[in-house]
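Data block for start30.txt (compact mmCIF, C-alpha atoms):
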# COMPACT_ATOMS: atom_id res chain seq x y z
CA MET J 7 1.14 13.46 55.96
CA ARG J 8 3.04 16.75 55.90
CA MET J 9 1.97 17.42 52.32
CA ARG J 10 -1.61 16.66 53.31
CA THR J 11 -1.81 19.48 55.87
CA VAL J 12 -0.24 21.83 53.35
CA GLU J 13 -2.79 20.91 50.72
CA ILE J 14 -5.69 21.17 53.14
CA GLY J 15 -4.43 24.58 54.26
CA VAL J 16 -4.11 25.83 50.70
CA GLY J 17 -7.55 24.48 49.84
CA ALA J 18 -9.14 26.26 52.79
CA PHE J 19 -7.25 29.44 51.88
CA MET J 20 -8.51 29.36 48.29
CA LEU J 21 -12.03 28.66 49.47
CA ALA J 22 -11.86 31.57 51.92
CA GLY J 23 -10.69 33.83 49.09
CA ILE J 24 -13.53 32.78 46.79
CA LEU J 25 -16.10 33.15 49.56
CA ALA J 26 -14.75 36.60 50.40
CA LEU J 27 -15.02 37.62 46.73
CA VAL J 28 -18.63 36.41 46.64
CA VAL J 29 -19.40 38.41 49.81
CA LEU J 30 -17.80 41.50 48.27
CA ALA J 31 -19.79 41.05 45.08
CA LEU J 32 -23.22 40.24 46.48
CA ASN J 33 -23.27 41.78 49.93
CA VAL J 34 -21.06 44.84 49.65
CA SER J 35 -21.45 46.00 46.06
CA GLY J 36 -25.01 44.69 45.73
CA LEU J 37 -24.28 43.05 42.38
CA LYS J 38 -27.36 41.32 41.06
CA LEU J 39 -26.67 38.65 38.50
CA SER J 40 -30.02 38.92 36.72
CA GLU J 41 -30.17 42.71 36.70
CA GLN J 42 -29.89 43.16 32.96
CA ALA J 43 -32.52 40.58 32.05
CA GLY J 44 -35.38 41.76 34.23
CA SER J 45 -35.92 45.38 33.28
CA TYR J 46 -37.48 47.60 30.64
CA LYS J 47 -36.54 51.12 29.58
CA VAL J 48 -38.58 54.23 30.18
CA TYR J 49 -37.57 57.79 29.27
CA ALA J 50 -38.32 61.17 30.76
CA ARG J 51 -37.28 64.72 29.84
CA PHE J 52 -36.43 67.28 32.49
CA ASP J 53 -35.62 71.01 32.30
CA ASN J 54 -32.96 70.58 34.94
CA ILE J 55 -31.71 67.37 36.47
CA GLY J 56 -29.70 69.01 39.25
CA GLY J 57 -27.21 66.50 40.64
CA LEU J 58 -28.84 63.35 39.30
CA ARG J 59 -26.32 60.75 38.19
CA PRO J 60 -26.38 57.39 36.43
CA ARG J 61 -27.14 54.48 38.79
CA ALA J 62 -29.32 56.73 40.96
CA LYS J 63 -32.45 54.96 42.11
CA VAL J 64 -35.92 55.31 40.68
CA ALA J 65 -38.47 54.99 43.45
CA MET J 66 -42.20 54.85 43.89
CA SER J 67 -43.49 55.77 47.36
CA GLY J 68 -39.87 55.49 48.46
CA VAL J 69 -39.50 51.89 47.27
CA GLN J 70 -36.89 51.30 44.59
CA ILE J 71 -38.45 50.17 41.30
CA GLY J 72 -35.47 50.75 38.99
CA GLN J 73 -32.39 52.83 38.35
CA VAL J 74 -31.13 55.60 36.08
CA LYS J 75 -29.24 54.13 33.13
CA SER J 76 -27.94 57.20 31.35
CA ILE J 77 -28.47 60.95 31.03
CA ARG J 78 -28.00 63.00 27.88
CA ILE J 79 -29.17 66.18 26.22
CA ASP J 80 -32.01 65.91 23.72
CA LYS J 81 -30.66 68.10 20.89
CA ASN J 82 -34.05 68.97 19.40
CA LEU J 83 -35.81 70.06 22.57
CA LEU J 84 -32.65 71.13 24.41
CA MET J 85 -33.73 69.32 27.54
CA ALA J 86 -32.09 66.61 29.62
CA GLU J 87 -33.27 63.14 28.63
CA VAL J 88 -33.00 60.49 31.35
CA GLU J 89 -33.06 56.80 30.47
CA MET J 90 -34.41 54.64 33.28
CA GLU J 91 -34.40 50.89 33.74
CA ILE J 92 -37.58 49.77 35.51
CA PHE J 93 -37.78 46.25 36.93
CA ASN J 94 -40.03 43.93 34.94
CA ASP J 95 -42.31 43.06 37.85
CA VAL J 96 -43.32 46.73 38.05
CA ASP J 97 -46.24 46.67 35.58
CA TYR J 98 -48.48 49.25 37.20
CA LEU J 99 -46.89 52.50 35.95
CA THR J 100 -49.70 54.15 34.00
CA VAL J 101 -49.07 56.31 30.92
CA ASP J 102 -50.00 59.44 32.86
CA SER J 103 -47.46 58.76 35.62
CA SER J 104 -45.40 61.72 36.76
CA ALA J 105 -41.69 61.75 37.51
CA SER J 106 -39.90 64.26 39.68
CA ILE J 107 -36.31 64.59 40.85
CA LEU J 108 -36.18 64.47 44.63
CA THR J 109 -33.46 64.49 47.27
CA SER J 110 -33.23 61.88 49.97
CA GLY J 111 -32.61 63.69 53.22
CA LEU J 112 -31.11 67.14 53.50
CA LEU J 113 -27.72 66.30 52.02
CA GLY J 114 -28.51 62.96 50.42
CA GLU J 115 -28.35 61.77 46.86
CA GLN J 116 -30.89 62.75 44.26
CA TYR J 117 -33.28 60.18 42.87
CA ILE J 118 -36.35 60.03 40.64
CA GLY J 119 -39.68 59.68 42.35
CA VAL J 120 -42.48 58.26 40.20
CA VAL J 121 -46.17 58.67 41.03
CA PRO J 122 -48.66 56.62 38.96
CA GLY J 123 -51.72 58.28 37.49
CA ALA J 124 -55.27 57.13 36.87
CA GLU J 125 -55.20 55.78 33.29
CA ASP J 126 -55.64 52.09 32.50
CA ASP J 127 -52.80 51.79 29.95
CA VAL J 128 -49.35 51.12 31.38
CA LEU J 129 -45.93 52.33 30.21
CA GLU J 130 -44.25 50.04 27.69
CA GLU J 131 -40.59 49.58 26.77
CA GLY J 132 -39.25 52.85 25.35
CA ALA J 133 -42.19 54.98 26.47
CA PHE J 134 -41.83 58.57 27.67
CA ILE J 135 -43.12 59.91 30.97
CA GLN J 136 -44.74 63.21 29.93
CA ASP J 137 -45.40 64.82 33.29
CA THR J 138 -42.05 65.70 34.83
CA GLN J 139 -40.82 68.03 37.52
CA SER J 140 -37.24 69.28 37.60
CA ALA J 141 -34.80 69.15 40.44
CA LEU J 142 -34.95 71.83 43.07
CA VAL J 143 -31.82 73.94 42.66
CA LEU J 144 -30.99 75.69 45.89
CA GLU J 145 -29.42 78.74 44.24
CA GLU J 146 -32.52 79.41 42.13
CA LEU J 147 -34.70 79.08 45.20
CA ILE J 148 -32.58 81.53 47.19
CA GLY J 149 -32.49 83.85 44.18
CA LYS J 150 -36.29 83.90 43.97
CA PHE J 151 -36.59 84.45 47.68
CA LEU J 152 -34.19 87.41 47.62
CA PHE J 153 -35.96 88.85 44.56
CA ASN J 154 -39.30 88.68 46.35
CA LYS J 155 -37.84 90.32 49.44
CA VAL J 156 -36.46 93.19 47.38
CA SER J 157 -39.69 93.82 45.54
CA GLU J 158 -41.70 93.95 48.73
CA MET E 2 35.11 67.25 40.48
CA LEU E 3 35.64 64.42 38.06
CA ASP E 4 35.74 61.99 40.98
CA VAL E 5 32.27 63.07 42.04
CA LEU E 6 31.04 62.67 38.48
CA GLN E 7 32.60 59.25 38.27
CA ARG E 8 31.03 58.12 41.53
CA LEU E 9 27.63 59.35 40.33
CA GLY E 10 28.02 57.49 37.07
CA ARG E 11 29.15 54.31 38.79
CA GLY E 12 26.20 54.44 41.17
CA ALA E 13 23.75 54.98 38.33
CA LEU E 14 25.26 52.16 36.27
CA SER E 15 25.14 49.67 39.14
CA ARG E 16 21.50 50.62 39.86
CA LEU E 17 20.67 50.12 36.21
CA ALA E 18 22.46 46.78 36.21
CA ARG E 19 20.42 45.67 39.23
CA VAL E 20 17.17 46.62 37.50
CA GLY E 21 18.32 44.69 34.47
CA ARG E 22 19.22 41.60 36.53
CA ALA E 23 15.85 41.83 38.30
CA GLY E 24 14.02 41.84 34.98
CA GLN E 25 16.18 38.97 33.74
CA ILE E 26 15.39 36.83 36.79
CA LEU E 27 11.68 37.57 36.52
CA LEU E 28 11.47 36.71 32.83
CA GLN E 29 13.70 33.64 33.05
CA SER E 30 11.81 32.10 35.93
CA LEU E 31 8.36 32.88 34.53
CA LEU E 32 9.19 31.73 31.01
CA ALA E 33 11.06 28.60 32.13
CA THR E 34 9.51 25.55 30.48
CA PRO E 35 6.59 24.59 32.71
CA GLN E 36 6.68 21.14 34.31
CA PRO E 37 3.27 20.82 35.96
CA LEU E 38 4.06 17.61 37.84
CA ILE E 39 6.96 19.17 39.70
CA MET E 40 5.71 22.75 39.79
CA VAL E 41 2.24 22.25 41.27
CA PRO E 42 3.35 20.71 44.59
CA LEU E 43 6.13 23.28 44.92
CA VAL E 44 3.74 26.18 44.29
CA LEU E 45 1.21 24.67 46.71
CA LYS E 46 3.82 24.48 49.42
CA GLN E 47 4.83 28.08 48.84
CA ILE E 48 1.18 29.24 48.85
CA TYR E 49 0.95 27.57 52.24
CA PHE E 50 3.95 29.46 53.58
CA VAL E 51 3.27 32.78 51.87
CA GLY E 52 -0.54 32.89 51.99
CA VAL E 53 -2.03 30.58 54.58
CA LEU E 54 0.43 31.51 57.30
CA SER E 55 -0.11 35.23 56.56
CA LEU E 56 -3.83 34.87 57.18
CA VAL E 57 -3.63 35.56 60.90
CA ILE E 58 -1.98 38.97 60.59
CA ILE E 59 -4.21 39.89 57.63
CA VAL E 60 -7.43 38.95 59.41
CA VAL E 61 -6.51 40.60 62.71
CA SER E 62 -5.30 43.87 61.20
CA GLY E 63 -8.19 43.93 58.72
CA GLY E 64 -10.69 43.58 61.53
CA PHE E 65 -9.13 46.30 63.62
CA ILE E 66 -8.73 48.72 60.71
CA GLY E 67 -12.39 48.24 59.82
CA MET E 68 -13.39 48.87 63.43
CA VAL E 69 -11.29 52.04 63.62
CA LEU E 70 -12.77 53.26 60.33
CA GLY E 71 -16.27 52.65 61.65
CA LEU E 72 -15.55 54.49 64.87
CA GLN E 73 -13.80 57.47 63.26
CA GLY E 74 -16.36 57.73 60.49
CA TYR E 75 -19.17 57.71 63.02
CA THR E 76 -17.69 60.50 65.17
CA ILE E 77 -17.23 62.70 62.09
CA LEU E 78 -20.49 61.93 60.31
CA VAL E 79 -22.71 62.12 63.39
CA ASP E 80 -22.14 65.90 63.44
CA TYR E 81 -23.87 66.15 60.07
CA GLY E 82 -26.63 63.75 61.00
CA SER E 83 -25.63 61.36 58.26
CA GLU E 84 -24.11 58.56 60.30
CA GLN E 85 -25.80 56.01 58.02
CA ALA E 86 -23.10 56.83 55.49
CA VAL E 87 -20.55 55.04 57.68
CA GLY E 88 -21.15 51.82 55.75
CA GLN E 89 -20.42 53.50 52.47
CA MET E 90 -17.31 55.19 53.86
CA VAL E 91 -15.89 52.01 55.40
CA ALA E 92 -16.60 49.89 52.34
CA LEU E 93 -15.30 52.35 49.76
CA SER E 94 -12.10 53.20 51.60
CA LEU E 95 -11.39 49.53 52.31
CA VAL E 96 -12.19 48.14 48.88
CA ARG E 97 -10.51 50.89 46.89
CA GLU E 98 -7.46 51.74 48.98
CA LEU E 99 -6.83 50.24 52.36
CA ALA E 100 -7.30 46.57 51.60
CA PRO E 101 -4.81 46.37 48.70
CA VAL E 102 -2.30 48.80 50.21
CA VAL E 103 -2.24 47.66 53.83
CA ALA E 104 -2.43 44.00 52.85
CA ALA E 105 0.53 44.55 50.52
CA LEU E 106 2.54 46.32 53.24
CA LEU E 107 1.82 43.50 55.69
CA PHE E 108 2.58 40.97 52.97
CA ALA E 109 5.95 42.64 52.34
CA GLY E 110 6.76 42.54 56.04
CA ARG E 111 5.47 39.06 56.73
CA ALA E 112 6.14 37.09 53.54
CA GLY E 113 8.51 39.25 51.49
CA SER E 114 11.18 39.44 54.16
CA ALA E 115 10.92 35.69 54.75
CA LEU E 116 11.34 35.00 51.03
CA THR E 117 14.43 37.20 50.86
CA ALA E 118 16.01 35.66 53.95
CA GLU E 119 15.28 32.13 52.76
CA ILE E 120 16.70 32.56 49.28
CA GLY E 121 19.60 34.62 50.62
CA LEU E 122 20.51 31.90 53.10
CA MET E 123 20.26 29.29 50.34
CA LYS E 124 22.73 31.35 48.38
CA ALA E 125 25.03 31.87 51.39
CA THR E 126 25.12 28.14 52.17
CA GLU E 127 25.71 27.45 48.47
CA GLN E 128 22.55 25.43 48.06
CA LEU E 129 21.75 27.34 44.89
CA ALA E 130 25.21 26.61 43.49
CA SER E 131 24.92 22.90 44.29
CA LEU E 132 21.51 22.76 42.62
CA GLU E 133 23.14 24.15 39.53
CA MET E 134 25.92 21.59 39.85
CA ILE E 135 23.48 18.69 39.68
CA GLY E 136 21.85 20.27 36.68
CA VAL E 137 18.72 21.77 38.24
CA ASP E 138 17.94 25.33 37.30
CA PRO E 139 17.51 27.20 40.65
CA LEU E 140 15.42 29.85 38.92
CA ARG E 141 12.92 27.23 37.89
CA ARG E 142 13.08 25.12 41.03
CA ILE E 143 13.39 27.79 43.76
CA VAL E 144 12.43 31.19 42.37
CA ALA E 145 9.54 30.43 40.02
CA PRO E 146 7.28 28.65 42.58
CA ARG E 147 7.75 31.50 45.04
CA LEU E 148 6.91 34.10 42.42
CA TRP E 149 3.74 32.30 41.36
CA ALA E 150 2.70 31.75 44.98
CA GLY E 151 3.10 35.46 45.71
CA PHE E 152 1.11 36.45 42.61
CA ILE E 153 -1.72 34.10 43.59
CA CYS E 154 -1.82 34.88 47.32
CA MET E 155 -1.74 38.68 47.34
CA PRO E 156 -5.17 39.32 45.72
CA ILE E 157 -6.78 36.63 47.88
CA LEU E 158 -5.29 38.18 51.02
CA ALA E 159 -6.50 41.63 49.96
CA ILE E 160 -10.05 40.37 49.36
CA ILE E 161 -10.11 38.65 52.73
CA PHE E 162 -8.74 41.83 54.33
CA ALA E 163 -11.55 43.89 52.80
CA VAL E 164 -14.29 41.49 53.88
CA VAL E 165 -12.99 41.19 57.44
CA GLY E 166 -12.57 44.97 57.60
CA ILE E 167 -16.14 45.60 56.49
CA TRP E 168 -17.32 43.05 59.02
CA GLY E 169 -15.31 44.87 61.72
CA GLY E 170 -16.80 48.19 60.63
CA SER E 171 -20.33 46.82 60.80
CA LEU E 172 -19.56 45.32 64.22
CA VAL E 173 -18.67 48.76 65.61
CA ALA E 174 -21.20 50.83 63.68
CA VAL E 175 -24.25 48.56 63.83
CA ASP E 176 -23.84 46.45 66.93
CA TRP E 177 -22.06 48.90 69.16
CA LEU E 178 -23.00 52.43 68.04
CA GLY E 179 -26.49 51.41 67.00
CA ILE E 180 -26.73 52.57 63.40
CA TYR E 181 -29.74 51.01 61.71
CA GLU E 182 -28.50 47.88 59.97
CA GLY E 183 -30.66 48.26 56.86
CA SER E 184 -29.44 51.73 55.96
CA PHE E 185 -25.84 50.74 56.75
CA TRP E 186 -25.85 47.97 54.15
CA ALA E 187 -28.16 49.74 51.70
CA ASN E 188 -25.95 52.84 51.58
CA MET E 189 -22.95 50.60 51.06
CA GLN E 190 -24.56 48.59 48.27
CA GLN E 191 -25.74 51.71 46.52
CA SER E 192 -22.35 53.38 46.44
CA VAL E 193 -20.01 50.43 45.87
CA ASP E 194 -19.88 49.29 42.26
CA PHE E 195 -18.59 45.81 41.55
CA TYR E 196 -16.61 46.70 38.45
CA ASP E 197 -15.45 50.22 39.33
CA ASP E 198 -14.54 49.60 42.95
CA VAL E 199 -14.15 45.90 43.73
CA LEU E 200 -12.47 44.83 40.50
CA ASN E 201 -10.18 47.86 40.47
CA GLY E 202 -9.16 47.06 44.03
CA ILE E 203 -8.34 43.50 43.00
CA ILE E 204 -6.31 44.75 40.02
CA LYS E 205 -4.36 46.91 42.46
CA ALA E 206 -3.76 43.91 44.70
CA VAL E 207 -2.49 41.87 41.75
CA CYS E 208 -0.05 44.63 40.78
CA PHE E 209 1.19 44.96 44.36
CA GLY E 210 1.58 41.20 44.66
CA ILE E 211 3.73 41.08 41.54
CA VAL E 212 5.90 44.01 42.65
CA VAL E 213 6.39 42.87 46.26
CA THR E 214 7.17 39.25 45.39
CA TRP E 215 9.46 40.30 42.57
CA ILE E 216 11.45 42.65 44.82
CA ALA E 217 11.63 40.06 47.62
CA VAL E 218 12.81 37.22 45.40
CA PHE E 219 15.29 39.39 43.53
CA GLU E 220 16.82 40.85 46.70
CA GLY E 221 17.32 37.35 48.04
CA TYR E 222 18.76 36.02 44.81
CA ASP E 223 21.03 39.01 44.33
CA CYS E 224 22.25 39.48 47.91
CA ILE E 225 25.84 39.37 49.07
CA PRO E 226 26.09 35.83 50.51
CA THR E 227 27.14 36.79 54.03
CA SER E 228 25.07 37.16 57.18
CA GLU E 229 25.43 40.93 56.89
CA GLY E 230 24.44 40.86 53.23
CA ILE E 231 21.31 38.85 54.01
CA SER E 232 20.25 41.26 56.73
CA GLN E 233 20.76 44.21 54.39
CA ALA E 234 18.84 42.47 51.64
CA THR E 235 15.92 41.74 53.99
CA THR E 236 15.81 45.38 55.07
CA ARG E 237 15.94 46.51 51.46
CA THR E 238 13.07 44.20 50.57
CA VAL E 239 10.77 45.72 53.17
CA VAL E 240 11.80 49.31 52.43
CA TYR E 241 11.74 49.06 48.64
CA SER E 242 8.52 47.10 48.43
CA SER E 243 6.73 49.46 50.85
CA LEU E 244 7.86 52.47 48.83
CA ALA E 245 6.98 50.76 45.56
CA VAL E 246 3.52 49.83 46.83
CA LEU E 247 2.75 53.36 48.01
CA GLY E 248 4.11 55.01 44.87
CA LEU E 249 2.40 52.55 42.56
CA ASP E 250 -0.83 53.02 44.48
CA PHE E 251 -0.90 56.70 43.63
CA ILE E 252 -0.31 56.00 39.95
CA LEU E 253 -2.96 53.26 39.84
CA THR E 254 -5.47 55.40 41.72
CA ALA E 255 -4.87 58.30 39.33
CA LEU E 256 -5.39 55.97 36.37
CA MET E 257 -8.51 54.26 37.78
CA PHE E 258 -10.43 56.94 39.63
CA GLY E 259 -8.73 60.18 38.61
CA GLU E 260 -10.47 60.90 35.28
CA LEU E 261 -7.13 61.13 33.53
What is this file in structure tokens?
Amino acid sequence: MRMRTVEIGVGAFMLAGILALVVLALNVSGLKLSEQAGSYKVYARFDNIGGLRPRAKVAMSGVQIGQVKSIRIDKNLLMAEVEMEIFNDVDYLTVDSSASILTSGLLGEQYIGVVPGAEDDVLEEGAFIQDTQSALVLEELIGKFLFNKVSE
Amino acid sequence: MLDVLQRLGRGALSRLARVGRAGQILLQSLLATPQPLIMVPLVLKQIYFVGVLSLVIIVVSGGFIGMVLGLQGYTILVDYGSEQAVGQMVALSLVRELAPVVAALLFAGRAGSALTAEIGLMKATEQLASLEMIGVDPLRRIVAPRLWAGFICMPILAIIFAVVGIWGGSLVAVDWLGIYEGSFWANMQQSVDFYDDVLNGIIKAVCFGIVVTWIAVFEGYDCIPTSEGISQATTRTVVYSSLAVLGLDFILTALMFGEL
């Protein structure tokens, strides 16, 4: 009888631990088990990516449709090349879509906003988004503003 | 002059000998030939004492620490208009740091001291010696189950601490201070990475569990078998394991998050 309560207690303890781990994984870190399977890759080149980082979200009209996989320098064009993973159910990004690096809120993280175009063909795995707009760098903006003030 | 030098040398040698004995005890009890039929019930019983009975203090302090984090984070972040980031702040600080460290400190106080006192009293009342007399290895019978129980319990306690803490934080931030629930959880999910944050936190908890249990068991096994010796050993367990946890935490954090 004594051993029984001990074993029941230990069983409940283990179960609580496993449940807590599942909560941490799914609810807190937002781990999705089928993330790798359901996405295709799309690339875009930017003059300046600002503070964009891997795992940043890719959004259309503010709704997340994918995430940034990796960022590197294209050695031939000397531009930043961003690799994005777009969810498979997003099959309406046309080949003339445009991508721009935006900031969520005043101090928020940077993300890629995608706006579809008017063509009929859609982006396939490994395609490039041609129409891109770089991140807004605050220093450059202030620099331009000051320059304009001086020349007035 | 030479006396001072001699005292220094003697102190250093006895410290070194203690470290050596500690390593010996750890290795001997972990490498002792496993006997599943005897070991499993013993380990289960120790998990009950070390883990299940520690749940209350872990859950209560986890909840309150999460609530305090939510409250403090809110009062600071609301000045910058980014109070939605409370979720991210609570979750990251709990998962990465507070859950393993505070759970380990509580574990040292709640379970470590009890382990030391129990083994120390067994030694003082010559139970360990009589076990040896009847041909039972006390390291295998007494020490090993306690070590394994500590190794198993500590990460589970830390995970439960983190979850309860995040729940406490959401209770204060969402239900009381009225942060929008969606952005609270979305911010958290976006910033917390399962492998970088959660798994690293669990690795920390495993390391702390090993260190705290090891210190507790060794101090008990190595104590002077008098009532005074046991009380000193219990104090040393809490002090040494707290210091070890905090020091080790810095090293582990530097290795995991510090781009070294």
Practice problem: May I ask which of the residues J:Tyr98, J:Gly17, J:Phe151, J:Val64 is the closest one to Tyr117 (chain J), counting only C-alpha atoms? | Solution: J:Val64
Residues proximal to (-52.6, 47.0, 32.2) were defined as those with any atom within 10 Å of that point in the file's coordinates, counting all atoms listed in the file. Which are they, as a PDB file with C-alpha atoms, in the coordinates of the input?
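As written to disk, out-v7.pdb reads:
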ATOM      1  CA  ASP J  97     -46.240  46.670  35.580  1.00  0.00           C
ATOM      2  CA  TYR J  98     -48.480  49.250  37.200  1.00  0.00           C
ATOM      3  CA  LEU J  99     -46.890  52.500  35.950  1.00  0.00           C
ATOM      4  CA  THR J 100     -49.700  54.150  34.000  1.00  0.00           C
ATOM      5  CA  GLU J 125     -55.200  55.780  33.290  1.00  0.00           C
ATOM      6  CA  ASP J 126     -55.640  52.090  32.500  1.00  0.00           C
ATOM      7  CA  ASP J 127     -52.800  51.790  29.950  1.00  0.00           C
ATOM      8  CA  VAL J 128     -49.350  51.120  31.380  1.00  0.00           C
ATOM      9  CA  LEU J 129     -45.930  52.330  30.210  1.00  0.00           C
ATOM     10  CA  GLU J 130     -44.250  50.040  27.690  1.00  0.00           C
TER      11      GLU J 130
END
I need the contact residues of chain E against chain J, so if you could list those with any atom within 7 Å, counting all atoms listed in the file, and return them as an mmCIF file with C-alpha atoms, in the frame of the given file, that would help.
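So the final result, stored in iface-v4.cif, reads:
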data_model
loop_
_atom_site.group_PDB
_atom_site.id
_atom_site.type_symbol
_atom_site.label_atom_id
_atom_site.label_comp_id
_atom_site.auth_asym_id
_atom_site.auth_seq_id
_atom_site.Cartn_x
_atom_site.Cartn_y
_atom_site.Cartn_z
ATOM 1 C CA LEU E 45 1.210 24.670 46.710
ATOM 2 C CA LYS E 46 3.820 24.480 49.420
ATOM 3 C CA ILE E 48 1.180 29.240 48.850
ATOM 4 C CA TYR E 49 0.950 27.570 52.240
ATOM 5 C CA VAL E 53 -2.030 30.580 54.580
ATOM 6 C CA ILE E 157 -6.780 36.630 47.880
ATOM 7 C CA ILE E 160 -10.050 40.370 49.360
ATOM 8 C CA ILE E 161 -10.110 38.650 52.730
ATOM 9 C CA VAL E 164 -14.290 41.490 53.880
ATOM 10 C CA MET E 189 -22.950 50.600 51.060
ATOM 11 C CA GLN E 190 -24.560 48.590 48.270
ATOM 12 C CA VAL E 193 -20.010 50.430 45.870
ATOM 13 C CA ASP E 194 -19.880 49.290 42.260
ATOM 14 C CA PHE E 195 -18.590 45.810 41.550
#
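From CA of Gln25 (chain E) back to CA of Ala105 (chain E), the distance works out to 23.6 Å.
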Quiz prompt | Distance in Å - CA of Ala65 (chain J) versus CA of Tyr81 (chain E) | solution =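 Distance between the two atoms: 24.8 Å.
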Exercise. Return the single residue from E:Ala206, E:Leu132, E:Ala245, E:Val239 that is closest to Leu99 (chain E), with distances computed using all atoms listed in the file.
Key: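 Smallest separation from Leu99 (chain E) among the options: E:Ala206.
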Can you list, as an mmCIF file with C-alpha atoms, keeping the file's coordinate frame, every protein, DNA or RNA residue that comes within 7 Å of region 69-80 of chain E when you count all atoms listed in the file, leaving out same-chain residues fewer than 2 positions away?
data_model
loop_
_atom_site.group_PDB
_atom_site.id
_atom_site.type_symbol
_atom_site.label_atom_id
_atom_site.label_comp_id
_atom_site.auth_asym_id
_atom_site.auth_seq_id
_atom_site.Cartn_x
_atom_site.Cartn_y
_atom_site.Cartn_z
ATOM 1 C CA PHE E 65 -9.130 46.300 63.620
ATOM 2 C CA ILE E 66 -8.730 48.720 60.710
ATOM 3 C CA GLY E 67 -12.390 48.240 59.820
ATOM 4 C CA GLY E 82 -26.630 63.750 61.000
ATOM 5 C CA SER E 83 -25.630 61.360 58.260
ATOM 6 C CA GLU E 84 -24.110 58.560 60.300
ATOM 7 C CA VAL E 87 -20.550 55.040 57.680
ATOM 8 C CA VAL E 91 -15.890 52.010 55.400
ATOM 9 C CA GLY E 170 -16.800 48.190 60.630
ATOM 10 C CA VAL E 173 -18.670 48.760 65.610
ATOM 11 C CA ALA E 174 -21.200 50.830 63.680
#
Practice problem: Have a look at CA of Met155 (chain E) and CA of Thr214 (chain E) and let me know their distance in Å, one decimal. | Solution: 9.1 Å
